[in-house]
file coords-v4.txt (compact mmCIF, C-alpha atoms)
# COMPACT_ATOMS: atom_id res chain seq x y z
CA MET A 95 48.48 12.44 -39.01
CA PRO A 96 49.01 10.22 -42.08
CA LYS A 97 45.94 9.28 -44.06
CA VAL A 98 46.35 5.56 -43.34
CA ALA A 99 46.62 6.12 -39.58
CA ARG A 100 43.59 8.42 -39.67
CA ALA A 101 41.56 5.81 -41.55
CA ALA A 102 42.62 3.11 -39.08
CA MET A 103 41.63 5.34 -36.15
CA TRP A 104 38.18 5.99 -37.66
CA GLN A 105 37.65 2.31 -38.39
CA GLY A 106 38.73 1.42 -34.86
CA MET A 107 36.35 3.94 -33.29
CA ASP A 108 33.55 2.71 -35.56
CA ARG A 109 34.23 -0.91 -34.66
CA LEU A 110 34.53 -0.24 -30.91
CA GLN A 111 31.20 1.57 -30.84
CA GLN A 112 29.54 -1.21 -32.84
CA ILE A 113 30.89 -3.81 -30.41
CA ILE A 114 29.67 -1.85 -27.38
CA LEU A 115 26.23 -1.43 -28.99
CA ILE A 116 25.95 -5.12 -29.82
CA LEU A 117 27.17 -6.27 -26.41
CA THR A 118 24.89 -3.93 -24.47
CA SER A 119 21.90 -4.85 -26.65
CA VAL A 120 22.53 -8.56 -26.06
CA PHE A 121 23.19 -7.92 -22.36
CA ILE A 122 19.87 -6.11 -21.89
CA SER A 123 17.91 -8.57 -24.02
CA VAL A 124 19.27 -11.63 -22.22
CA PHE A 125 18.65 -10.17 -18.77
CA MET A 126 15.11 -9.14 -19.67
CA PHE A 127 14.38 -12.57 -21.20
CA VAL A 128 15.73 -14.36 -18.14
CA GLU A 129 13.71 -12.10 -15.88
CA VAL A 130 10.48 -12.79 -17.78
CA ILE A 131 11.07 -16.56 -17.69
CA LEU A 132 11.99 -16.54 -14.01
CA ARG A 133 9.12 -14.27 -12.99
CA TYR A 134 6.25 -15.64 -15.07
CA VAL A 135 7.22 -19.29 -15.59
CA PHE A 136 9.03 -20.18 -12.37
CA TYR A 137 7.51 -17.43 -10.18
CA ARG A 138 11.00 -16.58 -8.90
CA PRO A 139 12.00 -13.07 -9.93
CA LEU A 140 15.66 -12.20 -10.23
CA MET A 141 16.50 -9.76 -7.48
CA GLY A 142 18.52 -6.74 -8.53
CA ILE A 143 17.73 -6.83 -12.23
CA GLU A 144 16.43 -3.27 -11.99
CA GLU A 145 19.98 -2.31 -10.99
CA ILE A 146 21.81 -4.40 -13.59
CA VAL A 147 19.82 -3.52 -16.74
CA PRO A 148 20.20 0.27 -16.44
CA LEU A 149 23.98 -0.20 -16.41
CA GLY A 150 23.82 -1.62 -19.92
CA ALA A 151 21.05 0.77 -20.94
CA PHE A 152 23.10 3.88 -20.09
CA TRP A 153 25.96 2.65 -22.26
CA LEU A 154 23.59 1.60 -25.03
CA TYR A 155 21.85 4.98 -25.12
CA PHE A 156 24.92 7.17 -24.97
CA ILE A 157 27.16 5.14 -27.26
CA GLY A 158 24.16 4.85 -29.57
CA ALA A 159 23.86 8.64 -29.55
CA SER A 160 27.57 9.05 -30.25
CA TYR A 161 27.37 6.47 -33.03
CA GLY A 162 24.50 8.44 -34.58
CA SER A 163 26.71 11.52 -34.43
CA TYR A 164 29.58 9.60 -35.99
CA LYS A 165 27.39 8.37 -38.85
CA ARG A 166 25.64 11.77 -39.04
CA THR A 167 22.29 10.10 -38.74
CA HIS A 168 21.26 12.00 -35.62
CA ILE A 169 17.98 13.90 -35.72
CA LYS A 170 18.21 17.19 -37.59
CA ALA A 171 15.69 19.81 -38.66
CA GLU A 172 16.84 21.09 -42.03
CA VAL A 173 13.81 23.23 -42.85
CA ILE A 174 15.81 26.18 -44.17
CA GLU A 175 17.55 23.92 -46.66
CA MET A 176 14.18 23.09 -48.20
CA MET A 177 13.30 26.77 -48.61
CA VAL A 178 16.66 28.22 -49.71
CA LYS A 179 17.89 27.37 -53.21
CA ASN A 180 21.29 29.10 -53.14
CA PRO A 181 23.91 26.37 -52.47
CA ARG A 182 26.31 28.79 -50.76
CA THR A 183 23.58 30.00 -48.39
CA VAL A 184 22.69 26.38 -47.60
CA ALA A 185 26.35 25.62 -46.90
CA ILE A 186 26.67 28.64 -44.60
CA THR A 187 23.45 27.69 -42.81
CA ARG A 188 24.87 24.22 -42.25
CA VAL A 189 28.05 25.70 -40.77
CA VAL A 190 26.03 27.87 -38.38
CA ALA A 191 23.89 24.89 -37.35
CA SER A 192 27.00 22.75 -36.82
CA PHE A 193 28.63 25.51 -34.78
CA ILE A 194 25.56 25.79 -32.52
CA THR A 195 25.39 22.00 -32.16
CA PHE A 196 29.08 21.84 -31.26
CA GLY A 197 28.70 24.68 -28.74
CA LEU A 198 25.73 23.02 -27.05
CA SER A 199 27.52 19.70 -26.92
CA LEU A 200 30.53 21.39 -25.29
CA TYR A 201 28.20 22.75 -22.63
CA LEU A 202 26.69 19.30 -22.12
CA CYS A 203 30.20 17.85 -21.83
CA LYS A 204 30.86 20.21 -18.94
CA TRP A 205 27.63 19.05 -17.34
CA GLY A 206 28.56 15.40 -18.01
CA LEU A 207 31.98 15.93 -16.45
CA ASP A 208 30.43 17.50 -13.37
CA PHE A 209 28.00 14.56 -13.14
CA PHE A 210 30.83 12.06 -13.49
CA ILE A 211 33.02 13.80 -10.90
CA TYR A 212 30.06 14.06 -8.53
CA GLY A 213 29.54 10.32 -8.85
CA LEU A 214 33.21 9.61 -8.19
CA THR A 215 33.40 11.88 -5.14
CA GLN A 216 30.13 10.71 -3.57
CA GLY A 217 30.93 7.02 -3.83
CA GLN A 218 27.32 6.10 -4.57
CA PHE A 219 26.27 2.46 -4.90
CA SER A 220 23.07 0.77 -6.01
CA ALA A 221 20.74 -0.25 -3.19
CA THR A 222 20.69 -4.03 -3.53
CA LEU A 223 23.79 -5.19 -5.40
CA PHE A 224 26.07 -2.31 -4.38
CA ILE A 225 27.15 -1.62 -7.96
CA PRO A 226 29.10 1.67 -8.14
CA MET A 227 26.85 4.26 -9.80
CA THR A 228 29.84 5.68 -11.66
CA TYR A 229 29.70 2.67 -14.00
CA SER A 230 26.44 4.03 -15.37
CA GLN A 231 27.22 7.72 -14.90
CA SER A 232 30.47 7.46 -16.82
CA ALA A 233 28.50 6.46 -19.94
CA VAL A 234 26.92 9.93 -19.95
CA PHE A 235 30.28 11.68 -19.89
CA PHE A 236 32.08 9.44 -22.39
CA GLY A 237 29.12 9.44 -24.77
CA LEU A 238 28.99 13.24 -24.66
CA ILE A 239 32.74 13.48 -25.26
CA LEU A 240 32.42 11.32 -28.37
CA MET A 241 29.41 13.28 -29.63
CA THR A 242 31.25 16.56 -29.17
CA PHE A 243 34.26 15.22 -31.04
CA TYR A 244 32.08 14.07 -33.94
CA PHE A 245 30.22 17.40 -34.01
CA LEU A 246 33.58 19.19 -34.20
CA ILE A 247 34.61 17.03 -37.16
CA GLU A 248 31.27 17.74 -38.83
CA LEU A 249 31.77 21.47 -38.27
CA ILE A 250 35.25 21.33 -39.80
CA ASP A 251 33.94 19.35 -42.79
CA ARG A 252 31.19 21.89 -43.36
CA VAL A 253 33.58 24.84 -43.16
CA HIS A 254 35.79 23.13 -45.75
CA ALA A 255 32.73 22.53 -47.94
CA ILE A 256 32.11 26.29 -48.18
CA ARG A 257 35.60 26.82 -49.60
CA GLU A 258 35.17 24.21 -52.32
CA PRO A 259 34.58 25.59 -55.80
CA ASP A 260 31.28 23.77 -56.31
CA VAL A 261 29.32 24.41 -53.12
CA ALA A 262 26.35 22.70 -54.75
CA GLN A 263 28.15 19.42 -54.07
CA VAL A 264 27.84 19.96 -50.29
CA GLY A 265 26.32 16.71 -49.14
CA GLY A 266 23.32 16.50 -46.86
CA GLY A 267 23.58 15.35 -43.32
call {"tool": "encode", "arguments": {"input": "coords-v4.txt", "output": "structure tokens"}}
result
Amino acid sequence: MPKVARAAMWQGMDRLQQIILILTSVFISVFMFVEVILRYVFYRPLMGIEEIVPLGAFWLYFIGASYGSYKRTHIKAEVIEMMVKNPRTVAITRVVASFITFGLSLYLCKWGLDFFIYGLTQGQFSATLFIPMTYSQSAVFFGLILMTFYFLIELIDRVHAIREPDVAQVGGG
């Protein structure tokens, strides 16, 4: 894939995730604000809000997790890197950690796919508003797919970093 097309793809994925995060954050905030006003000012609660808000929350959480993976700002425990001073050993440790992370995320993708398929085949709906549960459940699967993809890219980057002449330049994260 040409460098320009690759850069455009990355920018597009970055932008799409940002838009989803902003929209779901606004969605949840507005619904919660409206619910508070209706419930405590007008004493008329909005029925079904407990079914609407989780829809946005699922997408917010899982796209947020994938965005953290994309930016490589997800939670990591890099204790060995503080103890080991050899840059090559640090780079190899990072490859092993990335490989384990990628493997676990592949397993979770399988689980997410099973969850998504289960939701599609069962035809579940929310109790009050009859919102298809797959709208929320699909966020789990698609978020896990994105995370796995980003963990694979991180693994590839870290393998390439070992081959570079100056392993000391291997960046954190």
call {"tool": "atom_distance", "arguments": {"input": "coords-v4.txt", "atom1": "CA of Tyr137 (chain A)", "atom2": "CA of Thr118 (chain A)"}}
result
26.2 Å
call {"tool": "closest_atom_pairs", "arguments": {"input": "coords-v4.txt", "of": "region 160-206 of chain A", "to": "region 227-251 of chain A", "cutoff": "10 Å", "atoms": "all atoms listed in the file", "output": "CSV"}}
result
residue,atom,partner,partner_atom,distance
A:Ser160,CA,A:Met241,CA,4.7
A:Tyr161,CA,A:Met241,CA,7.9
A:Gly162,CA,A:Met241,CA,8.5
A:Ser163,CA,A:Met241,CA,5.8
A:Tyr164,CA,A:Tyr244,CA,5.5
A:Lys165,CA,A:Tyr244,CA,8.9
A:Arg166,CA,A:Glu248,CA,8.2
A:Arg188,CA,A:Leu249,CA,8.4
A:Val189,CA,A:Leu249,CA,6.2
A:Val190,CA,A:Leu249,CA,8.6
A:Ala191,CA,A:Leu249,CA,8.6
A:Ser192,CA,A:Leu249,CA,5.1
A:Phe193,CA,A:Leu249,CA,6.2
A:Ile194,CA,A:Leu249,CA,9.5
A:Thr195,CA,A:Phe245,CA,6.9
A:Phe196,CA,A:Phe245,CA,5.3
A:Gly197,CA,A:Thr242,CA,8.5
A:Leu198,CA,A:Thr242,CA,8.8
A:Ser199,CA,A:Thr242,CA,5.4
A:Leu200,CA,A:Thr242,CA,6.2
A:Tyr201,CA,A:Thr242,CA,9.5
A:Leu202,CA,A:Leu238,CA,7.0
A:Cys203,CA,A:Leu238,CA,5.5
A:Lys204,CA,A:Phe235,CA,8.6
A:Trp205,CA,A:Phe235,CA,8.2
A:Gly206,CA,A:Phe235,CA,4.5
call {"tool": "write_last_selection", "arguments": {"input": "coords-v4.txt", "atoms": "C-alpha atoms", "output": "PDB file, keeping the file's coordinate frame"}}
result
ATOM      1  CA  SER A 160      27.570   9.050 -30.250  1.00  0.00           C
ATOM      2  CA  TYR A 161      27.370   6.470 -33.030  1.00  0.00           C
ATOM      3  CA  GLY A 162      24.500   8.440 -34.580  1.00  0.00           C
ATOM      4  CA  SER A 163      26.710  11.520 -34.430  1.00  0.00           C
ATOM      5  CA  TYR A 164      29.580   9.600 -35.990  1.00  0.00           C
ATOM      6  CA  LYS A 165      27.390   8.370 -38.850  1.00  0.00           C
ATOM      7  CA  ARG A 166      25.640  11.770 -39.040  1.00  0.00           C
ATOM      8  CA  ARG A 188      24.870  24.220 -42.250  1.00  0.00           C
ATOM      9  CA  VAL A 189      28.050  25.700 -40.770  1.00  0.00           C
ATOM     10  CA  VAL A 190      26.030  27.870 -38.380  1.00  0.00           C
ATOM     11  CA  ALA A 191      23.890  24.890 -37.350  1.00  0.00           C
ATOM     12  CA  SER A 192      27.000  22.750 -36.820  1.00  0.00           C
ATOM     13  CA  PHE A 193      28.630  25.510 -34.780  1.00  0.00           C
ATOM     14  CA  ILE A 194      25.560  25.790 -32.520  1.00  0.00           C
ATOM     15  CA  THR A 195      25.390  22.000 -32.160  1.00  0.00           C
ATOM     16  CA  PHE A 196      29.080  21.840 -31.260  1.00  0.00           C
ATOM     17  CA  GLY A 197      28.700  24.680 -28.740  1.00  0.00           C
ATOM     18  CA  LEU A 198      25.730  23.020 -27.050  1.00  0.00           C
ATOM     19  CA  SER A 199      27.520  19.700 -26.920  1.00  0.00           C
ATOM     20  CA  LEU A 200      30.530  21.390 -25.290  1.00  0.00           C
ATOM     21  CA  TYR A 201      28.200  22.750 -22.630  1.00  0.00           C
ATOM     22  CA  LEU A 202      26.690  19.300 -22.120  1.00  0.00           C
ATOM     23  CA  CYS A 203      30.200  17.850 -21.830  1.00  0.00           C
ATOM     24  CA  LYS A 204      30.860  20.210 -18.940  1.00  0.00           C
ATOM     25  CA  TRP A 205      27.630  19.050 -17.340  1.00  0.00           C
ATOM     26  CA  GLY A 206      28.560  15.400 -18.010  1.00  0.00           C
TER      27      GLY A 206
END
call {"tool": "atom_distance", "arguments": {"input": "coords-v4.txt", "atom1": "CA of Ile211 (chain A)", "atom2": "CA of Gly158 (chain A)"}}
result
22.5 Å
call {"tool": "residues_around", "arguments": {"input": "coords-v4.txt", "residues": "region 150-153 of chain A", "least_positions_apart": "2", "cutoff": "7 Å", "atoms": "all atoms listed in the file", "output": "ChimeraX atom specification"}}
result
/A:118,121-122,147-148,155-157,230,233
call {"tool": "atom_distance", "arguments": {"input": "coords-v4.txt", "atom1": "CA of His168 (chain A)", "atom2": "CA of Gly106 (chain A)"}}
result
20.4 Å
call {"tool": "residues_around", "arguments": {"input": "coords-v4.txt", "residues": "Leu140 (chain A)", "least_positions_apart": "3", "cutoff": "7 Å", "atoms": "all atoms listed in the file", "output": "PyMOL selection string"}}
result
chain A and resi 129+132+143
call {"tool": "residues_around", "arguments": {"input": "coords-v4.txt", "residues": "Glu175 (chain A)", "least_positions_apart": "2", "cutoff": "9 Å", "atoms": "only C-alpha atoms", "output": "list in words"}}
result
Glu172, Val173, Met177, Val178, Lys179, Pro181, Thr183, Val184, Ala185, Thr187 and Arg188 of chain A
call {"tool": "residues_near_point", "arguments": {"input": "coords-v4.txt", "point": "(26.7, 1.3, -28.6)", "cutoff": "6 Å", "atoms": "all atoms listed in the file", "output": "list of chain:residue names"}}
result
A:Gln111, A:Gln112, A:Ile114, A:Leu115, A:Leu154, A:Ile157, A:Gly158
call {"tool": "closest_residue", "arguments": {"input": "coords-v4.txt", "among": "A:Phe125, A:Leu207, A:Ile186, A:Phe219", "to": "Ala255 (chain A)", "atoms": "only C-alpha atoms"}}
result
A:Ile186
call {"tool": "closest_residue", "arguments": {"input": "coords-v4.txt", "among": "A:Ala221, A:Ala101, A:Met95, A:Ile174", "to": "Met141 (chain A)", "atoms": "all atoms listed in the file"}}
result
A:Ala221
